[in-house]
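Structure first, commentary second.
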Amino acid sequence: MPTKSSDGDQGRIAAAISTAVVHVFSEHTGKGPTRARTTIDGQTVVVILQDGMTKAEQSLVDAGRHAEVLELRRTFQETMRADLVAAVERLTARSVLAFMSANHIAPDAAAEVFLLNAKVAEG
């Protein structure tokens with residue numbers, strides 16, 4: 001059973017992951033999401049991002065080009081994969097076994113999901 005101290009550590013790690021993921025998005029797209037929340041449950045890390053659509057993406061959405069925006073986001077997430085995985089591995093001290101992304105247009109939201117190795121990395 002987790003102690004209060006480990007719960008506090010997990011909360012700090014979750015907050016740091018949220019910050020790092022927003023930073024990676026900002027570096028790659030020029031705009032980071034305005035809201036991010038990370039949940040850590042065992043081997044699973046889920047980062048929910050909101051309000052991250054760029055002006056260009058919003059223009060495409062306004063023109064009814066939702067599929068193109070979703071494809072563009074998938075492409076960006078592929079290019080960000082290494083940076084996102086590196087941040088989560090650094091902050092959790094565990095290796096990432098799998099990384100998955102999902103996007104939604106309205107509301108503007110994304111989910112970044114990381115499956116971690118069960119063992120803490122030796123350092």
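Ordering of the structure tokens sets the chain letters (A, B, ...); residue numbers start at 1 within each chain; ligands are numbered from 1 in the order shown.
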
- Item | DSSP alpha helix (DSSP H) selection over region 18-109 of chain A, as a PyMOL selection string | chain A and resi 18-29+55-62+66-92

Please identify all polymer residues within 8 Å of region 61-71 of chain A, counting only C-alpha atoms, omitting same-chain residues fewer than 3 positions from it, and present them as a short mmCIF file (atom, residue, chain, number, x, y, z; two decimals) with N, CA and C atoms, in the first residue's frame.
```cif
data_model
loop_
_atom_site.label_atom_id
_atom_site.label_comp_id
_atom_site.auth_asym_id
_atom_site.auth_seq_id
_atom_site.Cartn_x
_atom_site.Cartn_y
_atom_site.Cartn_z
N GLU A 57 -4.19 24.67 -37.51
CA GLU A 57 -5.11 23.55 -37.33
C GLU A 57 -6.55 24.05 -37.18
N GLN A 58 -6.73 25.12 -36.43
CA GLN A 58 -8.08 25.66 -36.24
C GLN A 58 -8.66 26.14 -37.57
N ARG A 74 -1.15 13.21 -35.80
CA ARG A 74 -0.48 11.91 -35.73
C ARG A 74 0.96 12.03 -36.21
N THR A 75 1.16 12.79 -37.28
CA THR A 75 2.51 12.99 -37.81
C THR A 75 3.39 13.70 -36.80
N ASN A 103 -6.28 11.58 -30.55
CA ASN A 103 -6.65 12.99 -30.69
C ASN A 103 -8.14 13.14 -30.90
N HIS A 104 -8.64 14.29 -30.49
CA HIS A 104 -10.05 14.62 -30.66
C HIS A 104 -10.15 16.08 -31.08
N ILE A 105 -11.08 16.39 -31.97
CA ILE A 105 -11.19 17.76 -32.49
C ILE A 105 -12.03 18.65 -31.59
#
```

- Task: Would you list the contacts of Val24 (chain A) as a PyMOL selection string, taking every protein, DNA or RNA residue within 9 Å and counting only C-alpha atoms, but skipping same-chain residues closer than 4 positions in sequence?
- Result: chain A and resi 19-20+28-29+32+80+83-84+87

Same residues, all heavy atoms, output as a compact mmCIF listing (two decimals), in the first residue's frame:
```txt
# COMPACT_ATOMS: atom_id res chain seq x y z
N THR A 19 4.35 19.01 -17.35
CA THR A 19 5.15 20.15 -17.78
C THR A 19 6.07 19.76 -18.94
O THR A 19 6.18 20.50 -19.93
CB THR A 19 5.98 20.69 -16.60
OG1 THR A 19 5.07 21.13 -15.57
CG2 THR A 19 6.87 21.85 -17.01
N ALA A 20 6.72 18.62 -18.84
CA ALA A 20 7.65 18.18 -19.88
C ALA A 20 6.92 17.91 -21.19
O ALA A 20 7.41 18.29 -22.26
CB ALA A 20 8.39 16.92 -19.41
N HIS A 28 7.92 21.56 -30.65
CA HIS A 28 7.70 20.96 -31.97
C HIS A 28 6.65 21.70 -32.81
O HIS A 28 6.74 21.69 -34.03
CB HIS A 28 7.29 19.49 -31.83
CG HIS A 28 8.45 18.58 -31.58
ND1 HIS A 28 9.06 17.86 -32.56
CD2 HIS A 28 9.11 18.28 -30.43
CE1 HIS A 28 10.05 17.16 -32.05
NE2 HIS A 28 10.10 17.39 -30.76
N THR A 29 5.65 22.29 -32.16
CA THR A 29 4.54 22.88 -32.92
C THR A 29 4.45 24.39 -32.80
O THR A 29 3.65 25.01 -33.50
CB THR A 29 3.19 22.29 -32.48
OG1 THR A 29 2.89 22.72 -31.15
CG2 THR A 29 3.18 20.77 -32.55
N GLY A 32 2.03 25.08 -27.15
CA GLY A 32 1.73 23.94 -26.29
C GLY A 32 0.30 24.00 -25.82
O GLY A 32 -0.34 25.05 -25.84
N MET A 80 7.57 13.58 -32.38
CA MET A 80 7.84 13.91 -30.98
C MET A 80 8.09 12.68 -30.12
O MET A 80 8.52 12.80 -28.98
CB MET A 80 6.65 14.68 -30.37
CG MET A 80 6.45 16.05 -30.94
SD MET A 80 5.13 16.95 -30.09
CE MET A 80 3.68 16.28 -30.89
N ASP A 83 11.32 12.33 -28.00
CA ASP A 83 11.42 13.33 -26.94
C ASP A 83 10.42 13.05 -25.81
O ASP A 83 10.74 13.21 -24.63
CB ASP A 83 11.19 14.73 -27.49
CG ASP A 83 12.31 15.19 -28.41
OD1 ASP A 83 13.43 14.63 -28.33
OD2 ASP A 83 12.07 16.11 -29.21
N LEU A 84 9.20 12.65 -26.17
CA LEU A 84 8.18 12.34 -25.15
C LEU A 84 8.60 11.13 -24.33
O LEU A 84 8.54 11.15 -23.09
CB LEU A 84 6.82 12.10 -25.81
CG LEU A 84 6.17 13.33 -26.46
CD1 LEU A 84 4.99 12.91 -27.32
CD2 LEU A 84 5.75 14.34 -25.40
N ALA A 87 11.48 11.97 -21.95
CA ALA A 87 11.05 12.75 -20.78
C ALA A 87 10.39 11.84 -19.74
O ALA A 87 10.69 11.93 -18.54
CB ALA A 87 10.09 13.85 -21.20
```

- Note on the structure: What separates CA of Asp9 (chain A) and CA of Ala82 (chain A) is a distance of 24.7 Å

- Task: Work out how far apart CA of Asp7 (chain A) and CA of Gln77 (chain A) are and give it in Å to one decimal.
- Result: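 One can read the CA of Asp7 (chain A) to CA of Gln77 (chain A) distance as 29.6 Å.
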
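Selecting strand (DSSP E) from the backbone DSSP output for region 9-82 of chain A yields Arg35, Ala36, Arg37, Thr38, Thr39, Ile40, Asp41, Thr44, Val45, Val46, Val47, Ile48, Leu49 and Gln50 of chain A.
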
Would you save the residues from that selection as a CSV table (one decimal), in the first residue's frame, using N, CA and C atoms?
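The result, stored in out-v5.csv:
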```csv
chain,number,residue,atom,x,y,z
A,35,ARG,N,-3.7,23.2,-21.1
A,35,ARG,CA,-4.0,22.3,-19.9
A,35,ARG,C,-3.5,20.9,-20.1
A,36,ALA,N,-2.9,20.4,-19.0
A,36,ALA,CA,-2.4,19.0,-19.1
A,36,ALA,C,-2.5,18.4,-17.7
A,37,ARG,N,-2.9,17.2,-17.7
A,37,ARG,CA,-3.1,16.4,-16.5
A,37,ARG,C,-2.5,15.0,-16.7
A,38,THR,N,-1.7,14.6,-15.8
A,38,THR,CA,-1.0,13.3,-15.9
A,38,THR,C,-1.5,12.4,-14.8
A,39,THR,N,-1.9,11.2,-15.1
A,39,THR,CA,-2.3,10.2,-14.2
A,39,THR,C,-1.3,9.0,-14.3
A,40,ILE,N,-0.8,8.5,-13.1
A,40,ILE,CA,0.1,7.4,-13.1
A,40,ILE,C,-0.6,6.3,-12.3
A,41,ASP,N,-0.7,5.1,-12.9
A,41,ASP,CA,-1.3,4.0,-12.3
A,41,ASP,C,-0.5,2.8,-12.6
A,44,THR,N,1.2,2.3,-16.1
A,44,THR,CA,0.5,3.2,-17.1
A,44,THR,C,0.6,4.7,-16.7
A,45,VAL,N,1.1,5.5,-17.7
A,45,VAL,CA,1.1,6.9,-17.5
A,45,VAL,C,0.2,7.5,-18.6
A,46,VAL,N,-0.8,8.3,-18.3
A,46,VAL,CA,-1.7,8.9,-19.2
A,46,VAL,C,-1.6,10.4,-19.1
A,47,VAL,N,-1.3,11.1,-20.1
A,47,VAL,CA,-1.3,12.5,-20.1
A,47,VAL,C,-2.5,13.0,-21.0
A,48,ILE,N,-3.4,13.7,-20.4
A,48,ILE,CA,-4.5,14.3,-21.2
A,48,ILE,C,-4.2,15.8,-21.4
A,49,LEU,N,-4.2,16.2,-22.7
A,49,LEU,CA,-3.8,17.6,-23.1
A,49,LEU,C,-5.1,18.2,-23.6
A,50,GLN,N,-5.3,19.5,-23.3
A,50,GLN,CA,-6.4,20.2,-23.9
A,50,GLN,C,-6.0,21.6,-24.4
```

- Point-to-point distance from CA of Leu97 (chain A) to CA of Lys119 (chain A), Å rounded to tenths: 11.3 Å

- Task: Can you work out which one of A:Arg73, A:Leu91, A:Val96, A:Val120 has the shortest atom-to-atom distance to Ala56 (chain A), counting only C-alpha atoms?
- Result: A:Arg73

- Item | Best match for closeness to Arg12 (chain A) among A:Ser59, A:Ser26, A:Thr92, A:Asn117, counting only C-alpha atoms | A:Thr92
